[in-house]
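Trainee: Contents of target_9.txt (compact mmCIF, C-alpha atoms):
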```txt
# COMPACT_ATOMS: atom_id res chain seq x y z
CA MET E 1 130.98 108.36 114.06
CA GLU E 2 130.87 110.76 116.98
CA LYS E 3 129.00 113.99 116.59
CA THR E 4 128.78 116.95 118.93
CA TYR E 5 126.44 119.87 119.10
CA LYS E 6 128.35 122.90 117.88
CA LYS E 7 126.07 125.73 116.98
CA PHE E 8 122.37 126.48 117.10
CA SER E 9 121.84 129.57 115.06
CA THR E 10 118.37 129.14 113.56
CA GLU E 11 116.50 129.61 116.78
CA ASN E 12 113.53 131.39 115.31
CA SER E 13 112.66 128.68 112.77
CA ILE E 14 112.63 125.76 115.15
CA VAL E 15 109.54 124.16 116.63
CA ILE E 16 109.94 121.63 119.42
CA GLU E 17 107.04 119.65 120.72
CA ALA E 18 106.54 116.88 123.24
CA LYS E 19 104.38 113.98 122.01
CA THR E 20 103.16 111.49 124.56
CA ALA E 21 102.92 107.78 123.83
CA SER E 22 100.01 106.48 121.80
CA LYS E 23 98.99 103.08 120.47
CA GLU E 24 100.78 103.76 117.20
CA ASN E 25 103.83 105.68 118.39
CA PRO E 26 106.09 105.85 121.45
CA ALA E 27 106.63 109.09 123.34
CA ARG E 28 108.93 111.40 121.44
CA ILE E 29 110.24 114.90 120.91
CA ILE E 30 109.23 116.32 117.54
CA VAL E 31 111.61 118.84 116.03
CA LYS E 32 110.64 120.84 112.96
CA ARG E 33 113.25 123.14 111.51
CA ASN E 34 113.73 124.66 108.09
CA GLY E 35 111.33 122.21 106.49
CA HIS E 36 113.00 119.22 108.16
CA TYR E 37 111.33 116.95 110.63
CA LYS E 38 112.87 114.76 113.32
CA SER E 39 111.21 112.41 115.76
CA ILE E 40 113.31 111.50 118.78
CA PRO E 41 111.98 108.69 121.00
CA VAL E 42 112.13 109.58 124.67
CA VAL E 43 110.80 108.39 128.00
CA TYR E 44 108.69 111.08 129.65
CA PHE E 45 107.34 111.64 133.11
CA THR E 46 104.03 113.50 133.11
CA GLU E 47 103.66 116.69 135.14
CA LYS E 48 101.84 114.84 137.92
CA GLU E 49 104.42 112.05 137.95
CA THR E 50 107.20 114.65 138.01
CA ASN E 51 105.72 116.40 141.03
CA SER E 52 105.36 113.09 142.88
CA LEU E 53 108.89 112.10 141.91
CA LEU E 54 110.39 115.39 143.06
CA GLU E 55 108.64 115.11 146.41
CA ILE E 56 110.17 111.67 146.83
CA VAL E 57 113.54 113.17 145.85
CA ASP E 58 113.14 115.67 148.71
CA LYS E 59 112.27 112.86 151.13
CA VAL E 60 115.26 110.80 150.05
CA GLU E 61 117.47 113.88 150.44
CA ARG E 62 116.31 114.37 154.03
CA ASP E 63 116.75 110.68 154.83
CA THR E 64 120.21 110.53 153.27
CA LYS E 65 121.29 113.57 155.32
CA ALA E 66 120.02 111.68 158.38
CA ASN E 67 122.24 108.74 157.34
CA ILE E 68 119.30 106.52 156.48
CA VAL E 69 120.28 104.04 153.77
CA TYR E 70 117.47 102.18 152.05
CA THR E 71 117.84 98.45 151.61
CA LYS E 72 114.78 97.79 149.47
CA MET U 73 149.70 109.87 140.47
CA LYS U 74 150.15 111.79 143.67
CA LYS U 75 153.26 113.80 144.32
CA THR U 76 155.23 112.65 147.36
CA LEU U 77 157.66 114.46 149.67
CA GLY U 78 160.48 112.69 147.84
CA ASP U 79 159.33 114.25 144.52
CA TYR U 80 159.56 117.73 146.00
CA ILE U 81 162.99 117.03 147.59
CA VAL U 82 164.31 115.84 144.21
CA LEU U 83 162.85 118.94 142.55
CA ILE U 84 164.47 121.29 145.09
CA PHE U 85 167.85 119.59 144.74
CA SER U 86 167.53 119.66 140.93
CA LEU U 87 166.82 123.38 140.93
CA LEU U 88 169.61 124.14 143.41
CA GLY U 89 172.01 121.97 141.44
CA SER U 90 171.09 123.69 138.18
CA PHE U 91 171.62 127.17 139.63
CA ALA U 92 174.88 126.08 141.27
CA SER U 93 176.11 124.67 137.92
CA ILE U 94 175.30 127.86 136.07
CA ILE U 95 177.02 130.03 138.69
CA ALA U 96 180.05 127.73 138.85
CA PHE U 97 180.35 127.66 135.08
CA GLY U 98 180.15 131.43 134.85
CA THR U 99 182.66 131.94 137.65
CA TYR U 100 185.24 129.25 137.05
CA PHE U 101 185.00 127.93 133.46
CA SER U 102 183.76 130.62 131.11
CA PRO U 103 186.78 132.95 131.67
CA HIS U 104 189.00 130.16 130.26
CA LEU U 105 186.90 129.42 127.16
CA ASN U 106 187.85 130.51 123.65
CA ASN U 107 185.38 131.20 120.83
CA GLN U 108 185.06 127.52 119.99
CA GLY U 109 184.30 126.80 123.61
CA TYR U 110 181.53 129.38 123.68
CA ILE U 111 179.99 127.94 120.51
CA GLY U 112 180.15 124.44 121.95
CA VAL U 113 178.52 125.51 125.21
CA PHE U 114 175.85 127.44 123.33
CA PHE U 115 175.12 124.42 121.14
CA LEU U 116 174.87 122.11 124.16
CA GLY U 117 172.65 124.67 125.89
CA VAL U 118 170.25 124.77 122.94
CA ILE U 119 170.08 120.96 122.81
CA SER U 120 169.41 120.84 126.56
CA LEU U 121 166.62 123.40 126.28
CA ILE U 122 165.01 121.44 123.46
CA PHE U 123 165.03 118.25 125.54
CA ILE U 124 163.70 120.08 128.61
CA GLY U 125 160.92 121.67 126.56
CA TYR U 126 159.98 118.32 125.03
CA SER U 127 159.91 116.72 128.50
CA PHE U 128 157.53 119.40 129.73
CA TYR U 129 155.36 118.85 126.65
CA LEU U 130 155.16 115.08 127.29
CA ILE U 131 154.38 115.63 130.97
CA ALA U 132 151.62 118.10 130.14
CA LYS U 133 150.18 115.83 127.48
CA TYR U 134 150.14 112.56 129.43
CA ARG U 135 149.96 113.67 133.05
CA LYS U 136 146.19 113.65 133.07
CA LYS U 137 145.81 110.46 131.05
CA ILE U 138 147.85 108.52 133.59
CA ARG U 139 145.32 109.42 136.28
CA TYR U 140 142.56 107.53 134.49
CA ALA U 141 144.12 104.36 135.87
CA ASP U 142 143.12 105.51 139.37
CA ILE U 143 139.40 105.89 138.78
CA PHE U 144 138.38 102.25 138.39
CA GLU U 145 137.68 101.81 142.07
CA GLU U 146 135.20 104.71 142.15
CA ILE U 147 133.57 103.66 138.87
CA ASN U 148 133.23 100.08 140.11
CA VAL U 149 131.60 101.24 143.35
CA GLY U 150 129.24 103.34 141.25
CA PHE U 151 128.29 100.27 139.22
CA THR U 152 127.67 98.27 142.40
CA GLU U 153 125.11 100.91 143.37
CA LEU U 154 123.35 100.33 140.04
CA HIS U 155 123.58 96.56 140.32
CA SER U 156 122.19 96.61 143.86
CA ILE U 157 118.99 98.04 142.35
CA ASP U 158 118.82 95.18 139.84
CA ARG U 159 119.30 92.59 142.61
CA GLN U 160 116.18 93.79 144.40
CA PRO U 161 113.06 91.95 143.17
CA ASN U 162 110.88 94.99 143.88
CA PRO U 163 113.05 98.04 144.44
CA SER U 164 111.31 101.08 145.87
CA ILE U 165 111.45 104.51 144.25
CA GLU U 166 113.34 105.77 147.29
CA LEU U 167 116.00 103.08 146.92
CA ILE U 168 116.52 103.81 143.22
CA ILE U 169 116.82 107.56 143.79
CA GLN U 170 119.24 107.12 146.69
CA LYS U 171 121.43 104.71 144.73
CA LEU U 172 121.51 107.06 141.75
CA GLY U 173 122.60 109.81 144.13
CA PHE U 174 125.43 107.61 145.39
CA LEU U 175 126.37 106.90 141.76
CA CYS U 176 126.68 110.65 141.15
CA ASP U 177 128.99 110.87 144.19
CA ASN U 178 131.19 108.09 142.79
CA ILE U 179 131.38 109.68 139.33
CA SER U 180 132.22 113.02 140.94
CA ASN U 181 134.99 111.42 143.01
CA ALA U 182 136.37 109.63 139.95
CA PHE U 183 136.62 112.79 137.90
CA TYR U 184 138.09 114.62 140.89
CA LEU U 185 140.95 112.10 140.80
CA ILE U 186 141.51 112.92 137.12
CA ASN U 187 141.19 116.66 137.22
CA GLY U 188 142.25 117.51 140.75
CA GLU U 189 139.18 119.74 140.94
CA LYS U 190 135.68 119.05 142.18
CA ILE U 191 133.29 118.04 139.41
CA GLY U 192 129.52 118.42 139.59
CA VAL U 193 127.47 115.44 138.40
CA CYS U 194 123.74 115.18 137.94
CA ILE U 195 121.17 112.97 136.25
CA LYS U 196 118.30 114.71 134.52
CA PHE U 197 115.01 113.26 133.34
CA LEU U 198 112.46 114.41 130.80
CA THR U 199 109.02 115.82 131.45
CA PHE U 200 106.83 118.28 129.58
CA LYS U 201 104.53 121.21 130.15
CA THR U 202 101.89 122.24 127.63
CA LYS U 203 103.64 120.23 124.91
CA ARG U 204 107.07 121.75 125.63
CA PRO U 205 109.71 119.26 126.74
CA ILE U 206 111.41 120.12 130.02
CA VAL U 207 114.56 118.70 131.59
CA SER U 208 114.45 118.28 135.39
CA THR U 209 117.18 117.29 137.80
CA LEU U 210 116.63 113.91 139.42
CA VAL U 211 119.78 113.57 141.53
CA ARG U 212 123.05 115.40 142.13
CA ASP U 213 126.34 114.61 143.79
CA ARG U 214 126.88 115.67 147.37
CA TYR U 215 129.46 118.35 146.53
CA SER U 216 127.08 120.17 144.19
CA LYS U 217 124.33 120.09 146.81
CA SER U 218 126.71 121.61 149.35
CA ARG U 219 127.29 124.44 146.85
CA ASN U 220 123.57 125.22 146.79
CA ARG U 221 122.87 123.54 143.46
CA LYS U 222 119.20 122.70 143.70
CA THR U 223 117.32 119.42 143.31
CA GLY U 224 113.79 118.23 143.89
CA THR U 225 111.04 120.75 144.51
CA ALA U 226 113.63 123.39 145.49
CA ASP U 227 114.59 123.84 141.85
CA LYS U 228 111.95 126.26 140.60
CA THR U 229 113.55 126.99 137.23
CA GLU U 230 111.79 125.43 134.26
CA HIS U 231 114.47 124.08 131.94
CA PHE U 232 112.71 124.03 128.61
CA ILE U 233 114.83 121.91 126.36
CA GLU U 234 114.99 124.37 123.47
CA LEU U 235 116.38 127.04 125.82
CA ASN U 236 119.45 124.99 126.76
CA SER U 237 122.39 124.40 124.44
CA ASP U 238 123.34 121.39 126.59
CA PHE U 239 120.42 119.34 125.30
CA GLN U 240 119.92 120.66 121.80
CA PHE U 241 122.59 118.33 120.49
CA ILE U 242 120.05 115.52 120.58
CA TRP U 243 118.20 116.92 117.60
CA ASP U 244 121.16 118.42 115.86
CA ASN U 245 122.93 115.08 115.92
CA PHE U 246 120.21 112.53 116.40
CA ASP U 247 119.70 109.62 114.15
CA ASN U 248 119.10 106.01 115.04
CA GLU U 249 122.72 104.98 114.58
CA ASN U 250 124.52 107.77 116.34
CA ILE U 251 122.57 108.91 119.36
CA GLU U 252 124.56 106.74 121.74
CA THR U 253 127.78 108.32 120.53
CA SER U 254 126.67 111.94 120.55
CA PHE U 255 127.42 114.30 123.37
CA TYR U 256 127.65 117.98 124.19
CA HIS U 257 130.98 119.39 125.29
CA GLU U 258 131.91 122.99 125.83
CA LYS U 259 135.32 123.86 127.25
CA TYR U 260 134.89 127.59 127.63
CA LEU U 261 131.32 128.42 128.57
CA PRO U 262 131.90 132.09 129.55
CA THR U 263 133.27 132.92 126.09
CA CYS U 264 130.85 130.74 124.14
CA LYS U 265 128.79 133.46 122.50
CA ASP U 266 125.81 131.31 121.52
CA TYR U 267 125.57 129.27 124.72
CA LYS U 268 122.05 129.16 126.13
CA ASN U 269 120.98 128.09 129.59
CA SER U 270 117.70 128.45 131.48
CA ARG U 271 119.57 129.95 134.42
CA LEU U 272 121.36 132.47 132.22
CA SER U 273 119.37 135.61 131.46
CA SER U 274 119.79 136.83 127.90
CA ASP U 275 121.20 140.16 129.11
CA TRP U 276 123.53 138.78 131.78
CA LYS U 277 126.46 140.68 130.36
CA GLY U 278 124.66 143.77 129.23
CA LYS U 279 124.47 144.84 125.60
CA PHE U 280 127.81 146.63 125.44
CA LYS U 281 130.68 144.70 123.81
CA PHE U 282 134.16 145.36 125.05
CA GLY U 283 136.00 144.59 121.83
CA LEU U 284 139.35 142.91 122.44
CA ILE U 285 138.75 142.49 126.17
CA ASP U 286 135.19 141.17 125.70
CA ASN U 287 136.23 137.63 126.61
CA PHE U 288 137.99 138.91 129.72
CA VAL U 289 134.87 140.81 130.79
CA ARG U 290 132.65 137.80 130.07
CA ARG U 291 134.82 135.60 132.27
CA LYS U 292 134.71 138.17 135.07
CA GLN U 293 130.94 138.54 134.88
CA TRP U 294 130.03 134.88 134.26
CA PRO U 295 127.13 134.13 136.63
CA LEU U 296 126.89 130.34 136.49
CA PRO U 297 128.74 128.13 139.00
CA TYR U 298 130.39 126.13 136.20
CA ARG U 299 132.58 127.05 133.23
CA SER U 300 132.91 123.80 131.31
CA THR U 301 130.45 120.98 130.79
CA LEU U 302 130.02 117.54 129.30
CA VAL U 303 126.58 115.99 128.72
CA VAL U 304 125.66 112.58 127.36
CA PRO U 305 122.17 111.16 126.74
CA VAL U 306 121.01 108.27 128.90
CA VAL U 307 120.42 105.58 126.29
CA PRO U 308 121.34 101.89 125.98
CA LEU U 309 124.57 101.26 124.11
CA LEU U 310 123.03 98.41 122.16
CA ALA U 311 119.37 98.74 121.36
CA ASP U 312 116.95 95.93 120.73
CA GLU U 313 113.18 95.72 120.90
CA GLN U 314 113.13 95.52 124.66
CA ASN U 315 115.35 98.48 125.32
CA GLN U 316 114.58 100.65 122.35
CA LYS U 317 116.92 103.58 121.92
CA ALA U 318 114.70 106.19 123.52
CA ILE U 319 116.40 108.93 125.48
CA ARG U 320 115.67 108.49 129.16
CA GLY U 321 117.44 111.62 130.30
CA PHE U 322 120.91 113.10 130.49
CA LEU U 323 124.04 112.49 132.49
CA CYS U 324 125.69 115.86 133.05
CA LEU U 325 129.13 116.81 134.31
CA ASP U 326 130.32 120.31 134.95
CA SER U 327 133.30 122.09 136.50
CA PHE U 328 133.86 125.56 137.89
CA LYS U 329 137.09 125.62 135.87
CA GLU U 330 137.35 125.82 132.11
CA ASP U 331 138.67 123.03 129.90
CA GLN U 332 138.29 120.24 132.43
CA PHE U 333 137.11 117.36 130.30
CA ASN U 334 138.64 115.12 127.68
CA PRO U 335 135.66 114.10 125.54
CA GLN U 336 137.60 111.37 123.71
CA ILE U 337 137.97 109.43 126.97
CA ASP U 338 135.33 110.83 129.30
CA VAL U 339 132.44 110.23 126.91
CA GLU U 340 133.36 106.53 126.68
CA ILE U 341 133.23 106.27 130.47
CA LEU U 342 129.90 108.07 130.66
CA LYS U 343 128.40 105.99 127.85
CA GLY U 344 129.07 102.84 129.84
CA ILE U 345 127.47 104.35 132.93
CA SER U 346 124.57 105.58 130.84
CA ASP U 347 124.01 102.04 129.62
CA GLY U 348 123.69 100.92 133.22
CA LEU U 349 121.40 103.80 134.03
CA TYR U 350 118.69 103.73 131.42
CA ASN U 351 116.70 100.81 132.80
CA LYS U 352 116.68 102.41 136.28
CA ILE U 353 114.87 105.41 134.84
CA ASP U 354 112.53 102.99 133.06
CA LYS U 355 111.93 101.35 136.43
CA LEU U 356 111.20 104.70 138.05
CA ASN U 357 108.81 105.51 135.24
CA SER U 358 106.86 102.30 135.71
CA LEU U 359 106.80 102.59 139.52
CA ILE U 360 105.62 106.19 139.59
CA LYS U 361 102.64 105.49 137.27
```
Starting from the coordinates I provided, produce the structure as structure tokens.
Mentor:
Amino acid sequence: MEKTYKKFSTENSIVIEAKTASKENPARIIVKRNGHYKSIPVVYFTEKETNSLLEIVDKVERDTKANIVYTK
Amino acid sequence: MKKTLGDYIVLIFSLLGSFASIIAFGTYFSPHLNNQGYIGVFFLGVISLIFIGYSFYLIAKYRKKIRYADIFEEINVGFTELHSIDRQPNPSIELIIQKLGFLCDNISNAFYLINGEKIGVCIKFLTFKTKRPIVSTLVRDRYSKSRNRKTGTADKTEHFIELNSDFQFIWDNFDNENIETSFYHEKYLPTCKDYKNSRLSSDWKGKFKFGLIDNFVRRKQWPLPYRSTLVVPVVPLLADEQNQKAIRGFLCLDSFKEDQFNPQIDVEILKGISDGLYNKIDKLNSLIK
């Protein structure tokens, strides 16, 4: 059954938290709202990994503009 | 289905012929008609208008759907970009990012064929800052970049996930069975009163409401470069232990025009692409560590 997000009207009662992976649990987003709890498994990049990744994105952007196509 | 010169010639002749018929009828035939004749002509005119109106309705309804047959080439080229990553025994981060960028170009071209308008495509990944999940742009299509849509370190905005309606659907609709089918679609962003976006300040329109013309004012003052959007999560279509159904990111489409997407069809296309994408983000995640 398809579902779409329609309305988010209980903004003040929602708590969203990022949980990194542990031995017991995978990385996930924890959502607590109106007494309900949801755990959504996700794949995260840490802040340091994100910065490294975005710098590589910049490099690839420059190379692509210079018509450099990577083969491996 | 592109219009040809022949289509326009036929249209011009049809219009000229219609006007000529009406003028000729009025000049030469109607003076000789009795009451029954007028009723008969009126009846035939009503029938003709009904058929013409129904033809326009069918054209409007199916014109866009026919164009989906033209997009397979672009989608296939996009998939070859993804498969070329899989064929490499040890793909580099640069290769993966470049191929994902080319994929965005192919998706953008495909949806341009459907809509006749340029469509922005981007792939976003998940990170976090002090326990708050953030969505960051990994790659964009070339058209969006030419319109100054930012990627990489140039994008200074922090897109906290709870501040963006586009990504909140994952917890409003998430459960283990349905995440691969859920999506966010908004046809009329400027008039969506509860739409939230990190790039949209809360007072972008001012506090004054303009009553009946409020929607008109909102459209005039809308600050974002897009007015309709479609977002799907990057997850495998079929999950098993190896590719557990964790969200790897989001595949986002947007258009500067309103009402540009058909979620019933477009989501199915994007789900298939998303299924080809998720392990590339997994690969990036393992390489960057």
Trainee: When distances are computed from only C-alpha atoms, which of U:Leu356, U:Leu325, U:Leu88, U:Ile124 shows the smallest separation from Ala182 (chain U)?
Mentor: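 Ranked by minimum distance to Ala182 (chain U), first place goes to U:Leu325.
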Trainee: List as JSON lines every residue of chain E that is in contact with chain U, defined as an atom at most 7 Å from one of its atoms (using only C-alpha atoms), together with the nearest atom pair and the distance in Å rounded to one decimal, sorted by chain and then rising number.
Mentor:
```
{"residue": "E:Met1", "atom": "CA", "partner": "U:Asn250", "partner_atom": "CA", "distance": 6.9}
{"residue": "E:Glu2", "atom": "CA", "partner": "U:Thr253", "partner_atom": "CA", "distance": 5.3}
{"residue": "E:Lys3", "atom": "CA", "partner": "U:Ser254", "partner_atom": "CA", "distance": 5.0}
{"residue": "E:Thr4", "atom": "CA", "partner": "U:Phe255", "partner_atom": "CA", "distance": 5.3}
{"residue": "E:Tyr5", "atom": "CA", "partner": "U:Phe241", "partner_atom": "CA", "distance": 4.4}
{"residue": "E:Ile16", "atom": "CA", "partner": "U:Arg204", "partner_atom": "CA", "distance": 6.8}
{"residue": "E:Glu17", "atom": "CA", "partner": "U:Arg204", "partner_atom": "CA", "distance": 5.3}
{"residue": "E:Ala18", "atom": "CA", "partner": "U:Lys203", "partner_atom": "CA", "distance": 4.7}
{"residue": "E:Lys19", "atom": "CA", "partner": "U:Lys203", "partner_atom": "CA", "distance": 6.9}
{"residue": "E:Pro41", "atom": "CA", "partner": "U:Ala318", "partner_atom": "CA", "distance": 4.5}
{"residue": "E:Val42", "atom": "CA", "partner": "U:Ile319", "partner_atom": "CA", "distance": 4.4}
{"residue": "E:Val43", "atom": "CA", "partner": "U:Arg320", "partner_atom": "CA", "distance": 5.0}
{"residue": "E:Tyr44", "atom": "CA", "partner": "U:Thr199", "partner_atom": "CA", "distance": 5.1}
{"residue": "E:Phe45", "atom": "CA", "partner": "U:Thr199", "partner_atom": "CA", "distance": 4.8}
{"residue": "E:Thr46", "atom": "CA", "partner": "U:Thr199", "partner_atom": "CA", "distance": 5.7}
{"residue": "E:Glu47", "atom": "CA", "partner": "U:Thr199", "partner_atom": "CA", "distance": 6.6}
{"residue": "E:Glu49", "atom": "CA", "partner": "U:Ile360", "partner_atom": "CA", "distance": 6.2}
{"residue": "E:Thr50", "atom": "CA", "partner": "U:Thr199", "partner_atom": "CA", "distance": 6.9}
{"residue": "E:Leu54", "atom": "CA", "partner": "U:Gly224", "partner_atom": "CA", "distance": 4.5}
{"residue": "E:Glu55", "atom": "CA", "partner": "U:Thr225", "partner_atom": "CA", "distance": 6.4}
{"residue": "E:Ile56", "atom": "CA", "partner": "U:Glu166", "partner_atom": "CA", "distance": 6.7}
{"residue": "E:Val57", "atom": "CA", "partner": "U:Gly224", "partner_atom": "CA", "distance": 5.4}
{"residue": "E:Asp58", "atom": "CA", "partner": "U:Gly224", "partner_atom": "CA", "distance": 5.5}
{"residue": "E:Val60", "atom": "CA", "partner": "U:Glu166", "partner_atom": "CA", "distance": 6.1}
{"residue": "E:Tyr70", "atom": "CA", "partner": "U:Leu167", "partner_atom": "CA", "distance": 5.4}
{"residue": "E:Thr71", "atom": "CA", "partner": "U:Leu167", "partner_atom": "CA", "distance": 6.8}
{"residue": "E:Lys72", "atom": "CA", "partner": "U:Pro163", "partner_atom": "CA", "distance": 5.3}
```
Trainee: In Å to one decimal, how far is CA of Ile191 (chain U) from CA of Arg271 (chain U)?
Mentor: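 Pair CA of Arg271 (chain U) / CA of Ile191 (chain U) returns 18.8 Å.
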Trainee: List every protein, DNA or RNA residue with an atom no more than 6 Å from (108.6, 122.2, 114.6) in the file's coordinates, counting all atoms listed in the file, and format the result as a list of chain:residue names.
Mentor: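 Looking at atoms near the point gives E:Ile14, E:Val15, E:Ile16, E:Val31, E:Lys32, E:Arg33.
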Trainee: Kindly export the residues of the current selection with C-alpha atoms, as a short mmCIF file (atom, residue, chain, number, x, y, z; two decimals), in the coordinates of the input.
Mentor:
```
data_model
loop_
_atom_site.label_atom_id
_atom_site.label_comp_id
_atom_site.auth_asym_id
_atom_site.auth_seq_id
_atom_site.Cartn_x
_atom_site.Cartn_y
_atom_site.Cartn_z
CA ILE E 14 112.63 125.76 115.15
CA VAL E 15 109.54 124.16 116.63
CA ILE E 16 109.94 121.63 119.42
CA VAL E 31 111.61 118.84 116.03
CA LYS E 32 110.64 120.84 112.96
CA ARG E 33 113.25 123.14 111.51
#
```
Trainee: Neighbours of Asp177 (chain U) within 8 Å (only C-alpha atoms; same-chain residues fewer than 5 positions away dropped), as an mmCIF file with C-alpha atoms, in the frame of the given file?
Mentor:
```cif
data_model
loop_
_atom_site.group_PDB
_atom_site.id
_atom_site.type_symbol
_atom_site.label_atom_id
_atom_site.label_comp_id
_atom_site.auth_asym_id
_atom_site.auth_seq_id
_atom_site.Cartn_x
_atom_site.Cartn_y
_atom_site.Cartn_z
ATOM 1 C CA VAL U 193 127.470 115.440 138.400
ATOM 2 C CA ARG U 212 123.050 115.400 142.130
ATOM 3 C CA ASP U 213 126.340 114.610 143.790
ATOM 4 C CA ARG U 214 126.880 115.670 147.370
ATOM 5 C CA TYR U 215 129.460 118.350 146.530
#
```
